[in-house]
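This is work_28.cif. It holds mmCIF, C-alpha atoms.
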```
data_upload
#
loop_
_atom_site.label_atom_id
_atom_site.label_comp_id
_atom_site.auth_asym_id
_atom_site.auth_seq_id
_atom_site.Cartn_x
_atom_site.Cartn_y
_atom_site.Cartn_z
CA MET A 21 91.61 108.05 57.25
CA LYS A 22 94.54 106.14 55.80
CA LEU A 23 95.71 103.23 57.97
CA GLY A 24 99.33 102.29 57.32
CA GLY A 25 100.86 98.82 57.33
CA THR A 26 101.91 98.86 60.98
CA SER A 27 98.43 100.14 61.89
CA VAL A 28 96.91 96.92 60.48
CA GLY A 29 99.90 94.64 61.11
CA GLY A 30 97.99 91.97 63.08
CA ALA A 31 94.70 91.26 64.78
CA ASP A 32 95.45 93.50 67.77
CA ARG A 33 96.33 96.44 65.51
CA ILE A 34 93.31 95.86 63.29
CA GLU A 35 91.12 95.89 66.40
CA ALA A 36 92.72 99.15 67.53
CA ALA A 37 92.26 100.65 64.06
CA ALA A 38 88.60 99.59 63.97
CA SER A 39 88.07 101.17 67.40
CA LEU A 40 89.66 104.36 66.13
CA VAL A 41 87.41 104.50 63.07
CA ALA A 42 84.34 103.68 65.16
CA SER A 43 85.11 106.62 67.44
CA ARG A 44 84.92 108.99 64.45
CA LEU A 45 81.61 107.90 62.94
CA ASP A 46 80.01 111.30 63.47
CA GLU A 47 82.57 112.73 61.03
CA GLY A 48 81.61 110.34 58.21
CA PRO A 49 85.05 108.77 57.66
CA PHE A 50 86.29 107.02 54.54
CA VAL A 51 89.01 104.45 55.24
CA VAL A 52 92.00 103.61 53.03
CA VAL A 53 94.04 100.59 54.11
CA SER A 54 97.62 99.55 53.37
CA ALA A 55 98.73 95.93 53.21
CA MET A 56 99.72 94.39 56.53
CA ALA A 57 103.27 95.44 57.41
CA GLY A 58 105.80 93.41 55.42
CA VAL A 59 103.27 91.73 53.12
CA THR A 60 104.10 93.79 50.02
CA ASP A 61 107.79 92.96 50.50
CA THR A 62 106.87 89.26 50.74
CA LEU A 63 104.79 89.52 47.56
CA LEU A 64 107.71 91.14 45.75
CA ALA A 65 110.01 88.37 47.00
CA LEU A 66 107.49 85.79 45.76
CA SER A 67 107.49 87.46 42.33
CA ARG A 68 111.29 87.44 42.08
CA ALA A 69 111.53 83.85 43.23
CA ALA A 70 108.94 82.78 40.65
CA ARG A 71 110.82 84.55 37.87
CA GLU A 72 114.06 82.84 38.86
CA GLY A 73 112.46 79.41 39.20
CA ARG A 74 112.97 79.08 42.96
CA ALA A 75 109.81 77.09 43.65
CA GLU A 76 110.53 76.43 47.33
CA GLU A 77 110.87 80.13 48.02
CA VAL A 78 107.61 80.80 46.19
CA ARG A 79 105.82 78.24 48.35
CA ALA A 80 107.38 79.63 51.53
CA ALA A 81 106.35 83.19 50.67
CA LEU A 82 102.82 82.10 49.82
CA GLN A 83 102.52 80.10 53.03
CA GLU A 84 103.72 83.11 55.05
CA ILE A 85 101.12 85.39 53.50
CA VAL A 86 98.31 82.90 54.02
CA ALA A 87 99.36 82.13 57.60
CA ARG A 88 99.51 85.80 58.62
CA HIS A 89 96.04 86.58 57.32
CA ARG A 90 94.45 83.38 58.64
CA GLU A 91 95.98 83.95 62.05
CA ALA A 92 94.63 87.49 62.13
CA ILE A 93 91.16 86.34 61.02
CA ASP A 94 91.02 83.68 63.75
CA ALA A 95 92.12 86.18 66.39
CA LEU A 96 89.57 88.86 65.44
CA GLY A 97 86.74 87.00 67.16
CA LEU A 98 84.34 87.27 64.24
CA GLY A 99 81.23 85.16 63.92
CA ALA A 100 81.49 81.73 62.33
CA GLY A 101 80.01 82.92 59.05
CA ALA A 102 82.27 85.96 58.71
CA THR A 103 85.33 83.91 59.66
CA ALA A 104 84.54 81.23 57.08
CA ALA A 105 83.90 83.83 54.36
CA LEU A 106 87.22 85.57 55.02
CA GLN A 107 89.16 82.30 55.17
CA GLU A 108 87.63 81.34 51.84
CA GLU A 109 88.66 84.69 50.38
CA VAL A 110 92.24 84.12 51.56
CA ALA A 111 92.19 80.69 49.92
CA ARG A 112 90.95 82.15 46.63
CA GLU A 113 93.59 84.86 46.71
CA ALA A 114 96.29 82.29 47.47
CA ALA A 115 95.15 80.18 44.51
CA ARG A 116 95.27 83.26 42.27
CA LEU A 117 98.79 84.10 43.44
CA GLU A 118 99.93 80.51 42.95
CA SER A 119 98.56 80.50 39.40
CA LEU A 120 100.32 83.78 38.59
CA ALA A 121 103.59 82.55 40.10
CA THR A 122 103.37 79.33 38.08
CA GLY A 123 102.94 81.32 34.87
CA VAL A 124 105.87 83.56 35.74
CA GLY A 125 108.01 80.50 36.47
CA LEU A 126 107.12 78.79 33.18
CA LEU A 127 107.93 81.91 31.16
CA GLY A 128 110.93 82.93 33.27
CA GLU A 129 109.69 86.47 32.87
CA LEU A 130 107.95 88.89 35.24
CA SER A 131 106.08 91.65 33.42
CA ALA A 132 105.12 94.86 35.19
CA ARG A 133 101.46 93.96 34.62
CA THR A 134 101.87 90.60 36.37
CA SER A 135 103.87 92.18 39.18
CA ASP A 136 101.00 94.60 39.83
CA ALA A 137 98.48 91.74 39.80
CA ILE A 138 100.54 89.97 42.46
CA CYS A 139 101.28 93.02 44.61
CA ALA A 140 97.60 94.04 44.72
CA ALA A 141 96.84 91.08 46.99
CA GLY A 142 98.08 92.77 50.18
CA GLU A 143 95.64 95.69 50.13
CA LEU A 144 92.74 93.57 48.87
CA LEU A 145 93.07 91.24 51.85
CA SER A 146 93.80 93.79 54.56
CA SER A 147 90.80 95.92 53.60
CA ALA A 148 88.59 92.83 53.94
CA LEU A 149 89.85 92.24 57.49
CA VAL A 150 89.38 95.87 58.54
CA ALA A 151 85.83 95.95 57.16
CA ALA A 152 85.01 92.73 59.03
CA ALA A 153 86.46 94.12 62.27
CA LEU A 154 84.27 97.22 61.92
CA GLU A 155 81.16 95.13 61.27
CA ARG A 156 81.87 93.06 64.39
CA ARG A 157 81.71 96.32 66.33
CA GLY A 158 78.31 97.05 64.91
CA VAL A 159 79.57 99.60 62.38
CA ALA A 160 77.83 99.49 59.01
CA ALA A 161 80.87 99.09 56.76
CA VAL A 162 81.19 98.29 53.08
CA ARG A 163 84.36 97.19 51.39
CA VAL A 164 84.90 98.75 47.97
CA ASP A 165 87.51 97.21 45.70
CA PRO A 166 90.02 99.98 44.85
CA ARG A 167 89.89 98.86 41.23
CA ASP A 168 86.27 100.01 41.17
CA TRP A 169 87.12 103.67 41.78
CA MET A 170 90.89 104.31 41.44
CA ALA A 171 91.07 104.95 37.69
CA THR A 172 94.61 105.19 36.32
CA ASP A 173 96.43 105.06 33.03
CA GLY A 174 97.86 101.78 31.82
CA THR A 175 101.34 102.28 33.27
CA HIS A 176 102.14 99.35 35.54
CA GLY A 177 104.29 99.85 38.63
CA ALA A 178 103.82 103.63 38.85
CA ALA A 179 100.42 104.38 37.36
CA LEU A 180 99.14 107.92 36.94
CA PRO A 181 95.64 108.64 38.28
CA ASP A 182 92.85 110.03 36.12
CA GLU A 183 91.57 112.67 38.53
CA ALA A 184 88.51 113.60 36.47
CA ALA A 185 87.45 109.94 36.43
CA LEU A 186 88.14 109.67 40.16
CA ALA A 187 85.69 112.50 40.88
CA ARG A 188 83.03 110.78 38.75
CA ASN A 189 83.66 107.47 40.49
CA ALA A 190 83.52 109.08 43.93
CA ALA A 191 80.13 110.61 43.10
CA ALA A 192 78.73 107.41 41.61
CA ARG A 193 80.28 104.71 43.81
CA LEU A 194 81.48 106.13 47.13
CA LEU A 195 79.30 109.04 48.22
CA PRO A 196 76.06 107.01 47.94
CA GLU A 197 77.50 104.54 50.46
CA ARG A 198 78.10 107.29 52.99
CA ALA A 199 74.68 108.75 52.30
CA ALA A 200 73.27 105.33 53.22
CA GLY A 201 75.15 105.46 56.53
CA ARG A 202 77.93 103.06 55.63
CA VAL A 203 81.68 103.50 56.20
CA VAL A 204 83.62 102.85 52.99
CA VAL A 205 86.75 100.73 53.46
CA THR A 206 89.03 100.41 50.46
CA GLY A 207 92.59 99.42 49.68
CA GLY A 208 95.29 101.93 48.90
CA PHE A 209 98.13 101.56 46.39
CA VAL A 210 95.97 99.63 43.89
CA GLY A 211 93.99 100.90 40.92
CA ALA A 212 92.81 99.78 37.51
CA GLY A 213 93.90 100.84 34.04
CA PRO A 214 91.63 101.52 31.07
CA ASP A 215 91.54 97.77 30.29
CA GLY A 216 90.50 96.89 33.86
CA ALA A 217 93.83 95.30 34.75
CA ALA A 218 95.21 95.99 38.22
CA THR A 219 97.76 98.79 38.43
CA THR A 220 99.74 100.14 41.37
CA LEU A 221 100.74 103.68 42.26
CA GLY A 222 104.29 102.75 43.32
CA ARG A 223 105.74 102.16 46.77
CA GLY A 224 104.19 104.43 49.35
CA GLY A 225 101.17 104.70 47.08
CA SER A 226 98.60 104.17 49.85
CA ASP A 227 99.31 107.69 51.09
CA PHE A 228 98.78 108.90 47.53
CA SER A 229 95.54 106.90 47.32
CA ALA A 230 94.22 108.60 50.44
CA ALA A 231 95.04 112.05 49.13
CA LEU A 232 93.50 111.25 45.76
CA LEU A 233 90.37 109.97 47.49
CA GLY A 234 90.07 113.15 49.54
CA ALA A 235 90.57 115.24 46.40
CA ALA A 236 88.02 113.18 44.43
CA LEU A 237 85.42 113.50 47.17
CA ARG A 238 85.98 117.26 47.30
CA ASP A 239 85.71 117.47 43.51
CA ALA A 240 82.47 115.48 43.72
CA GLY A 241 81.02 118.09 46.07
CA ALA A 242 81.69 116.52 49.47
CA ASP A 243 82.95 118.52 52.44
CA VAL A 244 86.35 116.97 53.18
CA SER A 245 87.71 118.33 56.46
CA ALA A 246 91.10 116.57 56.33
CA ILE A 247 93.19 113.74 54.93
CA GLU A 248 94.57 111.77 57.87
CA ILE A 249 97.64 109.56 57.55
CA TRP A 250 97.66 107.13 60.51
CA THR A 251 101.09 105.63 61.02
CA ASP A 252 103.44 104.57 63.84
CA VAL A 253 105.03 107.91 64.78
CA ASP A 254 103.68 111.09 66.36
CA GLY A 255 103.63 113.03 63.11
CA ILE A 256 106.50 114.80 61.37
CA LEU A 257 109.37 115.16 63.84
CA THR A 258 112.13 117.72 64.09
CA SER A 259 114.58 114.95 63.09
CA ASP A 260 114.89 111.19 62.78
CA PRO A 261 114.21 109.84 66.31
CA ARG A 262 116.39 106.81 65.64
CA ILE A 263 119.36 109.18 65.41
CA VAL A 264 118.32 112.20 67.50
CA ALA A 265 116.96 111.24 70.91
CA GLY A 266 115.46 114.67 71.47
CA ALA A 267 113.42 114.76 68.26
CA ARG A 268 109.90 116.04 68.84
CA PRO A 269 106.73 116.49 66.77
CA VAL A 270 106.22 119.58 64.66
CA PRO A 271 102.60 120.67 65.24
CA LEU A 272 102.13 122.60 62.00
CA VAL A 273 104.06 122.76 58.73
CA GLY A 274 103.40 124.20 55.30
CA TYR A 275 102.96 122.08 52.18
CA ALA A 276 106.28 123.22 50.71
CA GLU A 277 108.15 122.33 53.90
CA ALA A 278 106.51 118.90 54.12
CA ALA A 279 107.39 118.16 50.50
CA GLU A 280 111.03 119.20 51.07
CA LEU A 281 111.26 117.01 54.18
CA ALA A 282 109.85 114.04 52.29
CA PHE A 283 112.22 114.58 49.37
CA PHE A 284 115.25 114.88 51.62
CA GLY A 285 114.64 111.71 53.58
CA ALA A 286 111.82 112.10 56.13
CA LYS A 287 109.92 108.85 55.51
CA VAL A 288 106.70 109.68 57.36
CA LEU A 289 104.97 111.06 54.30
CA HIS A 290 105.07 110.06 50.64
CA PRO A 291 105.91 113.21 48.62
CA ALA A 292 103.11 112.64 46.11
CA THR A 293 100.57 112.82 48.93
CA ILE A 294 101.03 116.56 49.01
CA ARG A 295 99.96 117.40 45.47
CA PRO A 296 96.24 116.50 45.40
CA ALA A 297 95.75 118.11 48.81
CA VAL A 298 97.57 121.35 48.02
CA ALA A 299 95.55 121.84 44.86
CA ARG A 300 92.33 121.82 46.87
CA GLY A 301 93.37 123.33 50.17
CA ILE A 302 92.70 120.16 52.18
CA PRO A 303 94.76 119.85 55.40
CA VAL A 304 96.81 116.67 55.82
CA ARG A 305 97.19 115.33 59.35
CA VAL A 306 99.84 112.78 60.31
CA ARG A 307 98.75 110.81 63.40
CA ASN A 308 99.96 107.82 65.44
CA THR A 309 97.61 104.83 65.76
CA PHE A 310 99.70 103.57 68.67
CA ARG A 311 99.15 106.91 70.46
CA PRO A 312 95.89 108.29 69.06
CA GLY A 313 95.78 110.94 71.76
CA ALA A 314 98.95 112.57 70.43
CA ALA A 315 98.27 115.75 68.46
CA GLY A 316 100.41 114.76 65.48
CA THR A 317 101.26 117.16 62.67
CA THR A 318 98.92 119.19 60.50
CA ILE A 319 100.13 120.19 57.04
CA ARG A 320 98.50 123.21 55.42
CA ALA A 321 99.20 125.36 52.39
CA GLU A 322 101.02 127.84 54.63
CA ALA A 323 102.13 127.61 58.26
CA PRO A 324 102.66 130.81 60.27
CA GLY A 325 106.04 131.90 61.53
CA GLU A 326 109.47 131.60 60.02
CA GLY A 327 112.77 129.87 60.69
CA VAL A 328 113.76 126.21 60.93
CA ARG A 329 111.01 123.58 61.30
CA ALA A 330 112.87 120.28 60.98
CA LEU A 331 115.94 118.43 59.75
CA ALA A 332 116.16 115.55 57.28
CA MET A 333 118.92 113.34 55.95
CA ARG A 334 119.23 111.04 52.97
CA THR A 335 122.10 108.60 52.58
CA GLY A 336 123.17 106.56 49.57
CA VAL A 337 124.37 109.62 47.67
CA ALA A 338 127.29 110.20 45.28
CA ALA A 339 128.70 113.51 44.02
CA LEU A 340 130.17 114.21 40.58
CA PHE A 341 132.44 117.18 40.01
CA VAL A 342 132.85 118.39 36.42
CA GLY A 343 135.48 121.03 35.70
CA SER A 344 136.67 122.68 32.52
CA PRO A 345 138.36 125.98 31.62
CA ARG A 346 135.93 126.05 28.66
CA MET A 347 133.16 126.85 31.13
CA LEU A 348 134.61 130.28 31.96
CA LEU A 349 132.35 132.99 30.45
CA ALA A 350 130.95 130.39 28.04
CA HIS A 351 127.28 129.83 27.34
CA GLY A 352 125.68 126.41 26.97
CA PHE A 353 128.22 124.46 29.04
CA ALA A 354 125.79 123.75 31.89
CA ALA A 355 123.13 122.68 29.41
CA ARG A 356 125.53 120.14 27.91
CA VAL A 357 126.40 118.81 31.36
CA PHE A 358 122.78 118.36 32.39
CA SER A 359 121.87 116.82 29.05
CA VAL A 360 124.07 113.87 30.05
CA PHE A 361 121.90 113.21 33.09
CA GLU A 362 118.74 113.59 31.02
CA ARG A 363 120.02 111.16 28.40
CA ARG A 364 120.84 108.58 31.08
CA GLY A 365 117.53 109.13 32.88
CA VAL A 366 119.21 110.17 36.14
CA ALA A 367 117.60 112.70 38.47
CA VAL A 368 119.97 115.30 39.88
CA ASP A 369 119.77 116.50 43.44
CA VAL A 370 122.04 119.14 44.99
CA ILE A 371 123.76 121.44 42.49
CA ALA A 372 126.54 123.97 43.00
CA THR A 373 128.57 125.90 40.44
CA SER A 374 131.71 128.01 40.24
CA GLU A 375 133.40 129.79 37.35
CA VAL A 376 134.88 126.61 35.92
CA SER A 377 133.11 123.68 37.59
CA ILE A 378 129.73 122.14 38.35
CA SER A 379 129.06 119.83 41.29
CA ILE A 380 126.05 117.52 41.26
CA THR A 381 124.77 114.83 43.61
CA VAL A 382 122.80 111.79 42.47
CA ASP A 383 121.48 108.58 43.96
CA ALA A 384 124.40 106.20 44.45
CA ARG A 385 122.47 103.53 42.52
CA ALA A 386 122.65 105.64 39.35
CA PRO A 387 124.91 104.40 36.50
CA ILE A 388 127.90 106.37 37.77
CA ALA A 389 130.43 104.81 35.41
CA LEU A 390 128.32 105.70 32.37
CA LEU A 391 127.80 109.24 33.61
CA VAL A 392 131.54 109.69 34.14
CA ARG A 393 132.29 108.38 30.66
CA ASP A 394 129.86 110.83 29.07
CA LEU A 395 130.90 113.79 31.22
CA GLU A 396 134.61 113.25 30.47
CA GLU A 397 133.86 114.46 26.95
CA LEU A 398 133.15 117.87 28.52
CA GLY A 399 135.91 118.15 31.10
CA GLU A 400 137.69 116.55 34.02
CA VAL A 401 135.43 114.46 36.25
CA SER A 402 135.88 113.25 39.79
CA VAL A 403 133.51 111.29 42.00
CA LEU A 404 132.93 111.07 45.73
CA ALA A 405 130.82 108.16 46.97
CA ASP A 406 129.24 107.22 50.29
CA LEU A 407 127.81 110.64 51.05
CA ALA A 408 124.76 111.96 52.89
CA VAL A 409 122.58 114.96 52.06
CA VAL A 410 121.46 116.90 55.14
CA SER A 411 118.67 119.41 54.76
CA VAL A 412 117.57 122.16 57.14
CA VAL A 413 113.92 122.85 56.30
CA GLY A 414 111.79 125.79 57.33
CA ARG A 415 110.01 128.92 56.21
CA ARG A 416 111.69 132.02 54.78
CA LEU A 417 115.15 130.65 55.53
CA ARG A 418 116.74 132.80 52.86
CA SER A 419 115.62 135.94 54.67
CA THR A 420 115.90 134.74 58.27
CA PRO A 421 119.07 136.22 59.87
CA ARG A 422 121.83 133.98 61.22
CA VAL A 423 120.40 130.64 60.04
CA ALA A 424 123.50 129.78 57.98
CA ALA A 425 125.84 131.01 60.72
CA ARG A 426 124.15 128.81 63.32
CA VAL A 427 124.08 125.80 61.00
CA PHE A 428 127.73 125.85 60.00
CA GLY A 429 128.85 126.96 63.45
CA ALA A 430 127.16 123.89 64.92
CA LEU A 431 128.87 121.55 62.45
CA GLY A 432 132.28 122.61 63.76
CA ASP A 433 134.99 120.28 62.51
CA LEU A 434 132.72 118.12 60.31
CA ASN A 435 133.78 118.41 56.70
CA VAL A 436 131.14 119.79 54.33
CA VAL A 437 131.58 118.60 50.74
CA LEU A 438 128.91 120.71 49.04
CA ILE A 439 126.47 123.49 49.98
CA SER A 440 123.24 124.66 48.36
CA GLN A 441 121.67 127.76 49.88
CA GLY A 442 119.35 130.40 48.52
CA ALA A 443 117.80 128.36 45.71
CA SER A 444 114.74 127.87 47.88
CA GLU A 445 113.17 129.74 50.77
CA THR A 446 112.41 126.42 52.42
CA ASN A 447 115.72 124.61 52.66
CA LEU A 448 119.43 124.94 53.25
CA THR A 449 121.14 121.80 52.07
CA PHE A 450 124.66 120.49 52.39
CA VAL A 451 126.53 117.26 51.76
CA VAL A 452 128.82 115.41 54.16
CA GLU A 453 130.43 112.00 54.27
CA ALA A 454 127.84 109.39 55.22
CA LYS A 455 129.70 108.52 58.41
CA ASP A 456 129.35 112.14 59.56
CA GLY A 457 125.65 112.44 58.75
CA PRO A 458 124.21 111.24 62.10
CA GLU A 459 126.55 113.48 64.09
CA ALA A 460 125.65 116.42 61.86
CA LEU A 461 121.97 115.86 62.63
CA ARG A 462 122.61 115.64 66.38
CA ARG A 463 124.71 118.82 66.44
CA LEU A 464 122.18 120.75 64.37
CA HIS A 465 119.29 119.61 66.52
CA ARG A 466 121.05 120.72 69.68
CA GLU A 467 121.75 124.13 68.18
CA LEU A 468 118.45 124.78 66.42
CA PHE A 469 115.92 123.12 68.72
CA GLU A 470 117.30 122.05 72.08
CA LYS A 471 118.98 125.36 72.94
CA GLU A 472 115.70 127.16 72.27
CA ALA A 473 113.81 124.76 74.56
CA ALA A 474 116.35 125.01 77.38
#
```

As structure tokens, please, write out the structure in this file.
Amino acid sequence: MKLGGTSVGGADRIEAAASLVASRLDEGPFVVVSAMAGVTDTLLALSRAAREGRAEEVRAALQEIVARHREAIDALGLGAGATAALQEEVAREAARLESLATGVGLLGELSARTSDAICAAGELLSSALVAAALERRGVAAVRVDPRDWMATDGTHGAALPDEAALARNAAARLLPERAAGRVVVTGGFVGAGPDGAATTLGRGGSDFSAALLGAALRDAGADVSAIEIWTDVDGILTSDPRIVAGARPVPLVGYAEAAELAFFGAKVLHPATIRPAVARGIPVRVRNTFRPGAAGTTIRAEAPGEGVRALAMRTGVAALFVGSPRMLLAHGFAARVFSVFERRGVAVDVIATSEVSISITVDARAPIALLVRDLEELGEVSVLADLAVVSVVGRRLRSTPRVAARVFGALGDLNVVLISQGASETNLTFVVEAKDGPEALRRLHRELFEKEAA
């Protein structure tokens, strides 16, 4: 059970999360906890302020972190001893953060290693509070430092897990706790490199941690029935509910569809969560801690049926159009174009080609000017900025009749800049101006979901 930041955002949410875990004791849960909502952002702000010598901002960030955790501890209604122990732990963590920030300020430099050491604080503290809340309910809980089992390489900021070591650690450190009747509570996002220094799995890494834990337990011989991601929405929805009022949960999706939705902008699930689960056939369930009775979404290797499952949109996109008569019937031109993106370390997204041109979308934060300069050696280059990628995701879309006709019929007079269809059975993707993206989602949802329900 992975509890997201909003699920442990304050004392009331921690109490609700502890109640939820306590109700599942007969299933032998393991609990992975994110930092309290907003705390990781505050830690990152503290790091930047320290690097830039803004001492007042460092103090303000540190005070905010301490105040939030102390307030939650006081409100949890723990015994005097447990309250004092947790308050002392917060004080020690604050002193550690202050020492790290002072060092960063003196050097005027923030290394990735130090950034990880600072950012780890959120999960270390929140897992302590959740374990204490469980113990107050009479649940035998044990907090396990994620650095004691999440073995990674030495890459700071986006560490890679050592899955063989994780299975060994699960067998040696985690399964004995469950065998003794205790609920393991650990932090997500955080691990340890070969030298023992704290590492992090990157933003959204608590989802990844939960999936890696489930995979490690399975590899260690445990029966893992599911990996549950507890968040603040009713699972994966047919579209973004902030844009489409009629968006509704999708009960069941396949791994490939869930990965496409995550890639194209659905923020419920971190894409890397899918990989450890799919390799071992473990279902992933996305549930809502604010509405635990809601069914949520189950993600399996394959979901029955075909056709459209959901819509996703990603903004902050730019398109580059490269054209040259030299491309006509020539070999190697595309390779030279894509080598530019490889050389600049830029991931490409939607691709379309014609006889004499290639169109490519990238993140708008990419070094567009440098890409244009390099690509102009190959042909004429034009750029469109402020775009949105809209993706229609489902199963067997390439062979499902009338999907494209319904999609582009629904868009009507909205201008489509770029289309990618047929490259995958699971998505039909197109690009529009960012201002048209929300309306495109609403029109598609009416056509593909609301008409069917009417």

Exercise: residues within 12 Å of coordinate (100.5, 93.4, 47.5), counting only C-alpha atoms, as an MDAnalysis selection string
chainID A and resid 25 53:67 82 85 113:114 117 134:147 177 207:211 218:226

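Atom pair atom CA of Ala354 of chain A / atom CA of Ser377 of chain A: separated by 9.3 Å.
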
Go through the shown structure with the PyMOL selection byres ((chain A and resi 250) around 6) and write out the matching residues as a short mmCIF file (atom, residue, chain, number, x, y, z; two decimals) with C-alpha atoms, in the frame of the given file.
```cif
data_model
loop_
_atom_site.label_atom_id
_atom_site.label_comp_id
_atom_site.auth_asym_id
_atom_site.auth_seq_id
_atom_site.Cartn_x
_atom_site.Cartn_y
_atom_site.Cartn_z
CA LYS A 22 94.54 106.14 55.80
CA LEU A 23 95.71 103.23 57.97
CA ILE A 249 97.64 109.56 57.55
CA THR A 251 101.09 105.63 61.02
CA ARG A 307 98.75 110.81 63.40
CA ASN A 308 99.96 107.82 65.44
CA THR A 309 97.61 104.83 65.76
#
```

Once the PyMOL selection byres ((chain A and resi 153-158) around 9) has been applied to the shown file, what residues remain in the selection, as a PyMOL selection string?
chain A and resi 34-35+37-39+41-42+96-99+148-152+159-162+203

What's the separation between atom CA of Ala384 of chain A and atom CA of Glu453 of chain A, in Å to one decimal place?
12.9 Å

For this structure, which residues satisfy the selection - the PyMOL selection byres ((chain A and resi 232) around 8) - when it is evaluated on the file as given? I want them as number ranges by chain.
A: 183, 186, 228-231, 233-236, 293, 296-297

Leaving out Val370 of chain A and any residue of its chain fewer than 3 positions from it, which residues lie within 7 Å of it when counting only C-alpha atoms, given as a list of chain:residue names?
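Non-adjacent residues within range: A:Ile380, A:Thr381, A:Ser440.
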
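With distances taken over all atoms listed in the file, A:Pro387 is the one residue among A:Gly336, A:Pro387, A:Pro271, A:Pro324 lying closest to Arg364 of chain A.
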
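Using only C-alpha atoms, the shortest contact distance between Gly128 of chain A and any of A:Leu195, A:Leu391, A:Ala70, A:Val403 is found at A:Ala70.
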
For segment 311-317 of chain A, work out the shell of residues within 8 Å, counting only C-alpha atoms and skipping chain neighbours fewer than 2 positions away, then give it as a tab-separated table (two decimals) with C-alpha atoms, in the coordinates of the input.
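Final output, selection-v4.tsv:
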```tsv
chain	number	residue	atom	x	y	z
A	40	LEU	CA	89.66	104.36	66.13
A	254	ASP	CA	103.68	111.09	66.36
A	255	GLY	CA	103.63	113.03	63.11
A	256	ILE	CA	106.50	114.80	61.37
A	269	PRO	CA	106.73	116.49	66.77
A	270	VAL	CA	106.22	119.58	64.66
A	271	PRO	CA	102.60	120.67	65.24
A	272	LEU	CA	102.13	122.60	62.00
A	273	VAL	CA	104.06	122.76	58.73
A	305	ARG	CA	97.19	115.33	59.35
A	306	VAL	CA	99.84	112.78	60.31
A	307	ARG	CA	98.75	110.81	63.40
A	308	ASN	CA	99.96	107.82	65.44
A	309	THR	CA	97.61	104.83	65.76
A	319	ILE	CA	100.13	120.19	57.04
```

Measure the distance from atom CA of Ile302 of chain A to atom CA of Met333 of chain A in Å and round it to one decimal.
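That distance, rounded to one decimal, is 27.4 Å.
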
Quick one: residues within 12 Å of Pro196 of chain A, all atoms listed in the file counted, chain neighbours fewer than 6 positions away excluded, as an NGL selection string?
:A and (162 or 189-190 or 202-204 or 237 or 240 or 242)
